[in-house]
>>> print(open('structure33.csv').read())   # CSV, C-alpha atoms
chain,number,residue,atom,x,y,z
A,1,MET,CA,27.8,-8.4,-23.3
A,2,SER,CA,29.1,-6.4,-20.4
A,3,HIS,CA,26.5,-4.2,-18.6
A,4,GLU,CA,29.0,-2.5,-16.3
A,5,PRO,CA,30.8,0.6,-17.2
A,6,ALA,CA,33.8,-0.7,-19.1
A,7,SER,CA,36.0,2.3,-19.2
A,8,GLU,CA,36.9,5.5,-17.5
A,9,GLY,CA,35.2,7.3,-20.3
A,10,GLU,CA,31.8,5.7,-19.6
A,11,ARG,CA,32.1,6.4,-15.9
A,12,GLU,CA,33.0,10.0,-16.7
A,13,PHE,CA,30.0,10.2,-19.0
A,14,GLU,CA,27.7,8.8,-16.4
A,15,HIS,CA,29.0,11.3,-13.8
A,16,ARG,CA,28.6,14.3,-16.1
A,17,THR,CA,25.1,13.4,-17.2
A,18,ARG,CA,24.1,12.9,-13.6
A,19,THR,CA,25.6,16.2,-12.5
A,20,LEU,CA,23.8,18.1,-15.4
A,21,LEU,CA,20.4,16.5,-14.6
A,22,LEU,CA,20.8,17.2,-10.8
A,23,GLU,CA,21.7,20.8,-11.5
A,24,SER,CA,18.6,21.2,-13.7
A,25,ALA,CA,16.4,19.7,-11.0
A,26,ASP,CA,17.9,22.2,-8.5
A,27,GLY,CA,17.4,25.1,-10.8
A,28,LEU,CA,13.6,24.8,-11.3
A,29,SER,CA,11.8,28.1,-11.5
A,30,GLY,CA,9.8,29.5,-8.6
A,31,ALA,CA,6.5,28.8,-10.4
A,32,GLN,CA,7.5,25.2,-10.9
A,33,ARG,CA,8.5,24.7,-7.3
A,34,SER,CA,5.4,26.4,-6.1
A,35,ARG,CA,3.2,24.1,-8.2
A,36,LEU,CA,5.1,21.0,-7.0
A,37,THR,CA,4.6,22.2,-3.4
A,38,ARG,CA,0.9,22.6,-4.0
A,39,ALA,CA,0.7,19.1,-5.5
A,40,ARG,CA,2.5,17.7,-2.5
A,41,HIS,CA,0.1,19.4,-0.1
A,42,ALA,CA,-2.9,18.1,-2.0
A,43,ALA,CA,-1.5,14.6,-1.8
A,44,LEU,CA,-0.9,14.9,2.0
A,45,ALA,CA,-4.4,16.3,2.5
A,46,ALA,CA,-5.8,13.3,0.7
A,47,HIS,CA,-3.7,11.1,2.9
A,48,ARG,CA,-4.9,12.9,6.1
A,49,ASP,CA,-8.6,12.7,5.0
A,50,ARG,CA,-8.3,9.0,4.4
A,51,ALA,CA,-6.5,8.0,7.6
A,52,PRO,CA,-9.5,8.4,10.0
A,53,LEU,CA,-11.8,6.7,7.5
A,54,ARG,CA,-9.4,3.8,7.4
A,55,ALA,CA,-9.3,3.5,11.2
A,56,ARG,CA,-13.1,3.7,11.4
A,57,GLY,CA,-13.3,1.0,8.7
A,58,TRP,CA,-11.2,-1.4,10.8
A,59,MET,CA,-13.2,-0.7,13.9
A,60,GLY,CA,-16.4,-1.3,12.0
A,61,ALA,CA,-15.1,-4.5,10.6
A,62,GLY,CA,-14.0,-5.7,14.1
A,63,ALA,CA,-17.4,-4.9,15.6
A,64,ALA,CA,-19.2,-6.8,12.8
A,65,ALA,CA,-16.9,-9.8,13.2
A,66,ALA,CA,-17.6,-9.9,17.0
A,67,ALA,CA,-21.4,-9.6,16.4
A,68,VAL,CA,-21.3,-12.5,13.9
A,69,LEU,CA,-19.3,-14.6,16.4
A,70,VAL,CA,-21.7,-13.9,19.2
A,71,ALA,CA,-24.7,-14.7,17.0
A,72,LEU,CA,-23.1,-18.0,15.9
A,73,LEU,CA,-22.5,-19.0,19.6
A,74,VAL,CA,-26.1,-18.3,20.6
A,75,LEU,CA,-28.0,-19.5,17.5
A,76,VAL,CA,-26.2,-22.6,16.3
A,77,PRO,CA,-27.5,-25.7,18.1
A,78,HIS,CA,-25.0,-28.0,19.9
A,79,PRO,CA,-24.5,-31.4,18.2
A,80,GLY,CA,-25.8,-33.5,21.2
A,81,GLY,CA,-29.1,-31.8,21.3
A,82,ALA,CA,-29.4,-31.4,25.1
A,83,PRO,CA,-27.4,-28.7,26.7
A,84,VAL,CA,-24.1,-29.8,28.1
A,85,THR,CA,-25.0,-28.4,31.5
A,86,ALA,CA,-28.0,-30.8,31.9
A,87,VAL,CA,-25.8,-33.9,31.2
A,88,ALA,CA,-23.2,-32.8,33.7
A,89,GLY,CA,-26.0,-32.1,36.3
A,90,GLY,CA,-27.5,-35.6,35.9
A,91,ALA,CA,-24.1,-37.3,36.4
A,92,VAL,CA,-23.6,-35.3,39.6
A,93,ASP,CA,-27.0,-36.4,40.9
A,94,ASP,CA,-26.1,-40.1,40.3
A,95,LEU,CA,-22.9,-39.7,42.2
A,96,GLU,CA,-24.7,-38.2,45.1
A,97,LEU,CA,-27.2,-41.1,45.3
A,98,LEU,CA,-24.4,-43.7,45.3
A,99,ALA,CA,-22.5,-41.8,48.0
A,100,GLU,CA,-25.5,-41.6,50.3
A,101,GLY,CA,-25.4,-43.8,53.5
A,102,ASP,CA,-28.8,-45.5,52.8
A,103,ALA,CA,-28.0,-46.3,49.2
A,104,VAL,CA,-28.7,-49.8,47.9
A,105,PRO,CA,-25.8,-52.0,49.0
A,106,LEU,CA,-24.5,-53.8,46.0
A,107,ASN,CA,-22.3,-56.2,47.9
A,108,GLU,CA,-23.9,-59.7,47.8
A,109,ASP,CA,-22.4,-60.6,51.1
A,110,GLN,CA,-24.6,-58.2,53.0
A,111,ASP,CA,-28.2,-59.1,54.1
A,112,VAL,CA,-30.3,-57.4,51.5
A,113,ASP,CA,-34.1,-57.7,51.3
A,114,TYR,CA,-34.3,-58.2,47.5
A,115,ASP,CA,-38.1,-59.0,47.7
A,116,PHE,CA,-38.8,-55.6,49.0
A,117,TYR,CA,-36.8,-53.9,46.2
A,118,GLU,CA,-38.5,-56.1,43.6
A,119,TRP,CA,-41.9,-55.2,45.0
A,120,ALA,CA,-41.0,-51.5,45.1
A,121,ALA,CA,-39.9,-51.7,41.4
A,122,ASN,CA,-43.2,-53.5,40.5
A,123,GLU,CA,-45.2,-51.0,42.5
A,124,ALA,CA,-43.6,-48.1,40.7
A,125,GLY,CA,-44.4,-49.9,37.4
A,126,THR,CA,-48.0,-50.9,38.0
A,127,GLY,CA,-49.1,-49.5,41.3
A,128,THR,CA,-51.7,-52.4,41.9
A,129,GLU,CA,-50.0,-55.1,44.1
A,130,ALA,CA,-50.3,-55.1,47.9
A,131,ALA,CA,-47.2,-54.6,49.9
A,132,PRO,CA,-45.5,-57.9,51.0
A,133,SER,CA,-44.6,-58.4,54.6
A,134,VAL,CA,-41.1,-57.4,55.4
A,135,GLY,CA,-38.8,-60.3,56.0
A,136,SER,CA,-41.1,-63.0,54.3
B,1,MET,CA,-23.1,-4.2,29.6
B,2,LEU,CA,-22.2,-5.1,33.1
B,3,VAL,CA,-18.7,-5.9,31.9
B,4,PHE,CA,-18.3,-2.3,30.7
B,5,ALA,CA,-19.7,-1.0,34.0
B,6,THR,CA,-17.1,-2.8,36.0
B,7,LEU,CA,-14.1,-1.7,33.9
B,8,PRO,CA,-11.4,-0.1,36.1
B,9,ALA,CA,-11.2,3.6,36.1
B,10,GLY,CA,-7.9,3.6,34.3
B,11,SER,CA,-9.4,2.1,31.2
B,12,ALA,CA,-10.6,5.5,30.1
B,13,ASP,CA,-7.0,6.7,30.2
B,14,LEU,CA,-6.0,3.6,28.2
B,15,SER,CA,-8.6,4.4,25.6
B,16,ARG,CA,-7.4,8.0,25.4
B,17,SER,CA,-3.8,6.9,25.1
B,18,GLY,CA,-4.9,4.5,22.3
B,19,LYS,CA,-6.4,7.3,20.4
B,20,SER,CA,-3.4,9.6,20.9
B,21,HIS,CA,-1.2,6.7,19.8
B,22,LEU,CA,-3.3,6.4,16.6
B,23,ARG,CA,-3.1,10.1,16.1
B,24,ASP,CA,0.7,10.1,16.6
B,25,SER,CA,1.3,7.2,14.3
B,26,THR,CA,-0.9,9.0,11.6
B,27,LYS,CA,1.2,12.2,12.1
B,28,ASP,CA,4.4,10.2,11.8
B,29,GLY,CA,3.1,8.6,8.6
B,30,ALA,CA,2.1,12.0,7.2
B,31,ARG,CA,5.5,13.5,8.1
B,32,ALA,CA,7.4,10.5,6.5
B,33,LEU,CA,5.2,10.8,3.4
B,34,GLU,CA,5.8,14.6,3.1
B,35,ALA,CA,9.6,14.1,3.5
B,36,PHE,CA,9.5,11.4,0.8
B,37,LEU,CA,7.4,13.5,-1.7
B,38,ALA,CA,9.6,16.6,-1.1
B,39,GLY,CA,12.6,14.4,-1.8
B,40,VAL,CA,11.4,13.0,-5.1
B,41,GLU,CA,9.2,15.8,-6.6
B,42,ARG,CA,11.8,17.7,-8.5
B,43,LYS,CA,13.5,14.7,-10.0
B,44,ALA,CA,10.1,13.2,-10.8
B,45,PHE,CA,9.1,16.5,-12.5
B,46,ARG,CA,12.3,16.5,-14.6
B,47,ILE,CA,11.8,12.9,-15.6
B,48,ALA,CA,8.2,13.6,-16.7
B,49,GLN,CA,9.3,16.8,-18.4
B,50,ILE,CA,12.0,15.0,-20.4
B,51,ALA,CA,9.6,12.2,-21.5
B,52,LEU,CA,6.7,14.5,-22.3
B,53,ARG,CA,8.5,17.7,-23.4
B,54,HIS,CA,5.6,19.6,-21.9
B,55,GLU,CA,5.8,21.4,-18.6
B,56,ALA,CA,2.1,21.5,-17.7
B,57,ASP,CA,1.6,17.9,-18.6
B,58,ALA,CA,4.6,17.0,-16.5
B,59,LEU,CA,3.3,18.8,-13.5
B,60,ASP,CA,-0.1,17.1,-13.8
B,61,VAL,CA,1.6,13.7,-14.1
B,62,VAL,CA,3.6,14.3,-10.9
B,63,GLN,CA,0.6,15.5,-9.0
B,64,ASP,CA,-1.5,12.5,-10.1
B,65,SER,CA,1.4,10.2,-9.0
B,66,MET,CA,1.7,11.8,-5.6
B,67,LEU,CA,-2.1,11.6,-5.1
B,68,GLN,CA,-2.2,8.0,-6.0
B,69,LEU,CA,0.8,7.1,-3.8
B,70,ALA,CA,-0.8,8.9,-0.9
B,71,HIS,CA,-4.2,7.4,-1.5
B,72,ARG,CA,-3.3,3.8,-2.2
B,73,TYR,CA,0.2,3.0,-1.1
B,74,ALA,CA,0.9,5.2,2.0
B,75,ASP,CA,0.4,2.1,4.2
B,76,LYS,CA,3.2,0.2,2.5
B,77,PRO,CA,6.7,0.2,4.1
B,78,GLU,CA,8.6,3.3,3.3
B,79,ALA,CA,11.3,1.3,1.5
B,80,GLU,CA,8.8,0.4,-1.2
B,81,TRP,CA,7.6,3.9,-1.8
B,82,LYS,CA,10.2,5.0,-4.3
B,83,PRO,CA,9.9,2.1,-6.7
B,84,LEU,CA,6.1,2.3,-6.4
B,85,PHE,CA,6.1,6.1,-7.0
B,86,TYR,CA,8.2,5.8,-10.1
B,87,ARG,CA,6.1,2.9,-11.4
B,88,ILE,CA,3.0,5.1,-11.0
B,89,LEU,CA,4.8,8.0,-12.6
B,90,GLU,CA,5.8,6.0,-15.6
B,91,ASN,CA,2.3,4.7,-16.0
B,92,ARG,CA,0.9,8.2,-16.0
B,93,ILE,CA,3.5,9.3,-18.5
B,94,ARG,CA,2.5,6.5,-20.8
B,95,ASP,CA,-1.2,7.4,-20.4
B,96,VAL,CA,-0.5,11.0,-21.5
B,97,GLN,CA,1.6,9.7,-24.4
B,98,ARG,CA,-1.3,7.3,-25.5
B,99,ARG,CA,-3.9,10.1,-25.2
B,100,ARG,CA,-1.7,12.3,-27.4
B,101,MET,CA,-1.3,9.6,-29.9
B,102,VAL,CA,-5.0,9.0,-30.1
B,103,ARG,CA,-5.7,12.7,-30.3
B,104,ASN,CA,-3.2,13.1,-33.1
B,105,ARG,CA,-4.8,10.2,-35.0
B,106,VAL,CA,-8.2,11.7,-34.6
B,107,MET,CA,-7.0,15.2,-35.6
B,108,ALA,CA,-5.4,13.7,-38.7
B,109,TRP,CA,-9.0,12.9,-39.8
B,110,MET,CA,-10.1,16.4,-39.1
B,111,PRO,CA,-7.6,18.7,-40.7
B,112,TRP,CA,-10.0,21.7,-40.5
B,113,ARG,CA,-10.0,21.5,-36.7
B,114,ALA,CA,-6.4,20.5,-36.1
B,115,ASP,CA,-5.1,24.1,-36.5
B,116,ASP,CA,-7.7,25.4,-34.1
B,117,GLU,CA,-7.4,22.9,-31.3
B,118,GLU,CA,-3.7,22.1,-31.4
B,119,GLU,CA,-2.1,23.4,-28.3
B,120,GLN,CA,0.1,26.3,-29.2
B,121,PRO,CA,3.4,26.4,-27.4
B,122,ASP,CA,3.9,29.4,-25.1
B,123,LEU,CA,6.1,31.7,-27.1
B,124,ILE,CA,7.4,33.5,-24.0
B,125,GLU,CA,8.3,30.2,-22.4
B,126,GLN,CA,9.9,29.0,-25.6
B,127,ALA,CA,11.9,32.2,-26.2
B,128,ALA,CA,15.6,32.0,-25.7
B,129,ASP,CA,17.0,33.7,-22.6
B,130,LEU,CA,18.9,36.6,-24.1
B,131,SER,CA,20.3,37.9,-20.8
B,132,PRO,CA,24.1,37.7,-20.7
B,133,GLN,CA,25.4,34.5,-19.3
B,134,PRO,CA,28.9,33.3,-18.6
B,135,PRO,CA,30.3,31.1,-21.3
B,136,ALA,CA,30.5,28.1,-19.0
B,137,GLN,CA,26.8,28.4,-18.1
B,138,LEU,CA,25.8,28.8,-21.7
B,139,GLU,CA,27.8,25.8,-22.7
B,140,SER,CA,26.3,23.7,-19.9
B,141,ALA,CA,22.7,24.8,-20.8
B,142,GLU,CA,23.5,23.8,-24.4
B,143,ILE,CA,24.7,20.4,-23.3
B,144,LEU,CA,21.7,19.9,-21.1
B,145,GLN,CA,19.4,20.7,-24.0
B,146,ALA,CA,21.2,18.2,-26.1
B,147,LEU,CA,21.1,15.6,-23.4
B,148,GLU,CA,17.3,16.1,-22.9
B,149,ARG,CA,16.8,15.7,-26.7
B,150,ALA,CA,18.9,12.6,-26.7
B,151,LEU,CA,17.0,11.1,-23.7
B,152,ALA,CA,13.6,11.9,-25.2
B,153,ASP,CA,14.6,10.2,-28.4
B,154,LEU,CA,15.6,7.0,-26.6
B,155,PRO,CA,13.1,4.0,-26.5
B,156,ALA,CA,10.9,4.5,-23.4
B,157,ARG,CA,12.4,1.5,-21.5
B,158,GLN,CA,16.0,2.7,-22.1
B,159,ARG,CA,15.2,6.2,-21.0
B,160,GLN,CA,13.4,4.9,-17.9
B,161,ALA,CA,16.3,2.7,-16.9
B,162,PHE,CA,18.9,5.4,-17.5
B,163,LEU,CA,17.0,8.1,-15.6
B,164,LEU,CA,16.1,5.9,-12.6
B,165,ARG,CA,19.5,4.4,-12.3
B,166,ASN,CA,21.7,7.4,-13.1
B,167,PHE,CA,19.6,10.4,-12.2
B,168,GLU,CA,17.4,9.1,-9.4
B,169,GLY,CA,20.0,6.8,-8.1
B,170,LEU,CA,17.9,3.7,-7.7
B,171,ASP,CA,19.8,0.4,-7.5
B,172,VAL,CA,19.2,-2.4,-10.0
B,173,ALA,CA,16.7,-4.2,-7.8
B,174,GLU,CA,14.6,-1.0,-7.1
B,175,THR,CA,14.8,-0.1,-10.8
B,176,ALA,CA,13.5,-3.5,-11.7
B,177,ALA,CA,10.7,-3.2,-9.2
B,178,ALA,CA,9.8,0.2,-10.7
B,179,MET,CA,9.9,-1.0,-14.2
B,180,GLN,CA,8.3,-4.3,-13.5
B,181,CYS,CA,11.0,-6.3,-15.2
B,182,SER,CA,14.0,-8.5,-14.3
B,183,GLN,CA,17.2,-7.1,-13.1
B,184,GLY,CA,18.9,-8.4,-16.2
B,185,SER,CA,16.6,-6.4,-18.4
B,186,VAL,CA,17.4,-3.3,-16.4
B,187,LYS,CA,21.1,-3.8,-17.0
B,188,THR,CA,20.5,-4.4,-20.7
B,189,HIS,CA,18.3,-1.3,-21.1
B,190,TYR,CA,20.7,0.8,-19.1
B,191,PHE,CA,23.7,-0.4,-21.1
B,192,ARG,CA,22.0,0.3,-24.4
B,193,ALA,CA,20.9,3.7,-23.3
B,194,LEU,CA,24.4,4.6,-22.2
B,195,GLN,CA,25.8,3.5,-25.6
B,196,ALA,CA,23.1,5.5,-27.5
B,197,LEU,CA,23.6,8.6,-25.5
B,198,ARG,CA,27.4,8.5,-25.9
B,199,VAL,CA,26.9,8.3,-29.6
B,200,SER,CA,24.3,11.1,-29.7
B,201,LEU,CA,26.3,13.4,-27.4
B,202,GLY,CA,29.7,12.7,-28.7
B,203,GLU,CA,30.2,16.1,-30.2
B,204,PHE,CA,29.3,17.8,-26.9
B,205,TRP,CA,31.5,15.6,-24.8
B,206,LYS,CA,34.9,16.7,-25.9
>>> encode(input="structure33.csv", output="structure tokens")
Amino acid sequence: MSHEPASEGEREFEHRTRTLLLESADGLSGAQRSRLTRARHAALAAHRDRAPLRARGWMGAGAAAAAVLVALLVLVPHPGGAPVTAVAGGAVDDLELLAEGDAVPLNEDQDVDYDFYEWAANEAGTGTEAAPSVGS
Amino acid sequence: MLVFATLPAGSADLSRSGKSHLRDSTKDGARALEAFLAGVERKAFRIAQIALRHEADALDVVQDSMLQLAHRYADKPEAEWKPLFYRILENRIRDVQRRRMVRNRVMAWMPWRADDEEEQPDLIEQAADLSPQPPAQLESAEILQALERALADLPARQRQAFLLRNFEGLDVAETAAAMQCSQGSVKTHYFRALQALRVSLGEFWK
């Protein structure tokens, strides 16, 4: 089945019907035109009234989303338990101790008084022993 | 709060320009919508009038369709407005036809009320225009009446396809979008409408 106009007659028919209908649309009465104009203005008024509400709605949604985000960042605990800043601070302290000039020398070739350090460790643990003489 | 206090002085201007931009875009949208509605309103009214054969109902249907387009779909791209508008219009036409059908059924059970509540046609509106008219104008008015009758007698989908394609000038894709069917269906409905109208109007088309 062909759906396209097959003949000159069909094309002519389409053209005449279209012309007739267009003329009838152009020839509406004043009352009909007036009523259509009023209908159009009512639709445009509805559109204008709705536009600020829509913008306000988007701003409200944005503010709510931001508030939820901030609340999540503040209230939800971090997985490690301790704050990240504390861990980072401890690591920095260790590095400073190692870098100090009077830090414990870890090289075995140097003359180290191990007894003193052992006593100091015990003293810190029990606090009862007397101090050994340095160099014994 | 400190952040807001240290915003540069120009930020107020930015905020103002943002608001004016919003206002301008809203105005542009309203202007585009007005131009669109002004461009389709007469054809839409004629389509509704042919389908419903009632002027006041047709005007109501067009107004409802305009309101719904403005209320729900004004944010859509302009290219989509026409198929959307005619889809809404056809739905409204169908609603009115359904209501009439239900009312007629109910009235059939209440014959004592049917005569009282049946809408009487406006006799002045229905009266023939007796002012002298040139023969060509008279003939074309007669042909138009015959065409309207033939269109109203078509199945709804054929009438819709014919009026949207031929009268409103939508292409096949837009018509399919408006009718919510495939492009092949549009072609079939249109072809059948064309054949039926040619048969109906044969005597006027010499």
>>> closest_atom_pairs(input="structure33.csv", of="chain B", to="chain A", cutoff="6 Å", atoms="all atoms listed in the file", output="tab-separated table")
residue	atom	partner	partner_atom	distance
B:Arg42	CA	A:Ala25	CA	5.6
B:Lys43	CA	A:Ala25	CA	5.9
B:Gln63	CA	A:Ala39	CA	5.0
B:Met66	CA	A:Ala43	CA	5.7
B:Leu67	CA	A:Ala43	CA	4.5
B:Ala70	CA	A:His47	CA	5.3
B:His71	CA	A:His47	CA	5.8
B:Phe167	CA	A:Arg18	CA	5.3
B:Lys187	CA	A:His3	CA	5.6
B:Phe191	CA	A:His3	CA	5.3
>>> atom_distance(input="structure33.csv", atom1="CA of Met110 in chain B", atom2="CA of Arg53 in chain B")
24.4 Å
>>> atom_distance(input="structure33.csv", atom1="CA of Leu33 in chain B", atom2="CA of Lys82 in chain B")
10.9 Å
>>> atom_distance(input="structure33.csv", atom1="CA of Glu80 in chain B", atom2="CA of Gln180 in chain B")
13.2 Å
>>> residues_around(input="structure33.csv", residues="Phe204 in chain B", least_positions_apart="3", cutoff="10 Å", atoms="only C-alpha atoms", output="list in words")
Glu139, Ser140, Glu142, Ile143, Leu144, Ala146, Leu147, Arg198, Ser200 and Leu201 of chain B
>>> residues_around(input="structure33.csv", residues="Glu90 in chain B", least_positions_apart="5", cutoff="9 Å", atoms="all atoms listed in the file", output="list in words")
Ala48, Val61, Ser65, Phe85, Asp95, Gln160, Ala178 and Met179 of chain B
>>> closest_residue(input="structure33.csv", among="B:Ile88, B:Ala56, B:Asp153, B:Glu168", to="Gly39 in chain B", atoms="all atoms listed in the file")
B:Glu168
>>> build_atoms(input="structure33.csv", residues="range 10-25 of chain A", atoms="N, CA and C atoms", output="mmCIF file, in the coordinates of the input")
data_model
loop_
_atom_site.group_PDB
_atom_site.id
_atom_site.type_symbol
_atom_site.label_atom_id
_atom_site.label_comp_id
_atom_site.auth_asym_id
_atom_site.auth_seq_id
_atom_site.Cartn_x
_atom_site.Cartn_y
_atom_site.Cartn_z
ATOM 1 N N GLU A 10 33.269 5.924 -19.871
ATOM 2 C CA GLU A 10 31.800 5.700 -19.600
ATOM 3 C C GLU A 10 31.494 6.183 -18.174
ATOM 4 N N ARG A 11 32.393 5.935 -17.247
ATOM 5 C CA ARG A 11 32.100 6.400 -15.900
ATOM 6 C C ARG A 11 32.069 7.945 -15.853
ATOM 7 N N GLU A 12 32.967 8.563 -16.597
ATOM 8 C CA GLU A 12 33.000 10.000 -16.700
ATOM 9 C C GLU A 12 31.671 10.529 -17.325
ATOM 10 N N PHE A 13 31.234 9.823 -18.352
ATOM 11 C CA PHE A 13 30.000 10.200 -19.000
ATOM 12 C C PHE A 13 28.795 10.112 -18.061
ATOM 13 N N GLU A 14 28.735 9.014 -17.329
ATOM 14 C CA GLU A 14 27.700 8.800 -16.400
ATOM 15 C C GLU A 14 27.680 9.960 -15.318
ATOM 16 N N HIS A 15 28.872 10.282 -14.850
ATOM 17 C CA HIS A 15 29.000 11.300 -13.800
ATOM 18 C C HIS A 15 28.545 12.676 -14.359
ATOM 19 N N ARG A 16 28.945 12.995 -15.589
ATOM 20 C CA ARG A 16 28.600 14.300 -16.100
ATOM 21 C C ARG A 16 27.092 14.423 -16.416
ATOM 22 N N THR A 17 26.519 13.374 -16.951
ATOM 23 C CA THR A 17 25.100 13.400 -17.200
ATOM 24 C C THR A 17 24.302 13.568 -15.895
ATOM 25 N N ARG A 18 24.737 12.830 -14.903
ATOM 26 C CA ARG A 18 24.100 12.900 -13.600
ATOM 27 C C ARG A 18 24.169 14.302 -13.012
ATOM 28 N N THR A 19 25.357 14.874 -13.089
ATOM 29 C CA THR A 19 25.600 16.200 -12.500
ATOM 30 C C THR A 19 24.659 17.230 -13.260
ATOM 31 N N LEU A 20 24.625 17.129 -14.577
ATOM 32 C CA LEU A 20 23.800 18.100 -15.400
ATOM 33 C C LEU A 20 22.323 17.949 -14.988
ATOM 34 N N LEU A 21 21.845 16.717 -14.866
ATOM 35 C CA LEU A 21 20.400 16.500 -14.600
ATOM 36 C C LEU A 21 20.100 16.992 -13.137
ATOM 37 N N LEU A 22 21.010 16.720 -12.209
ATOM 38 C CA LEU A 22 20.800 17.200 -10.800
ATOM 39 C C LEU A 22 20.749 18.686 -10.749
ATOM 40 N N GLU A 23 21.657 19.328 -11.493
ATOM 41 C CA GLU A 23 21.700 20.800 -11.500
ATOM 42 C C GLU A 23 20.374 21.351 -12.085
ATOM 43 N N SER A 24 19.888 20.680 -13.114
ATOM 44 C CA SER A 24 18.600 21.200 -13.700
ATOM 45 C C SER A 24 17.462 20.993 -12.769
ATOM 46 N N ALA A 25 17.498 19.912 -11.948
ATOM 47 C CA ALA A 25 16.400 19.700 -11.000
ATOM 48 C C ALA A 25 16.504 20.754 -9.857
#
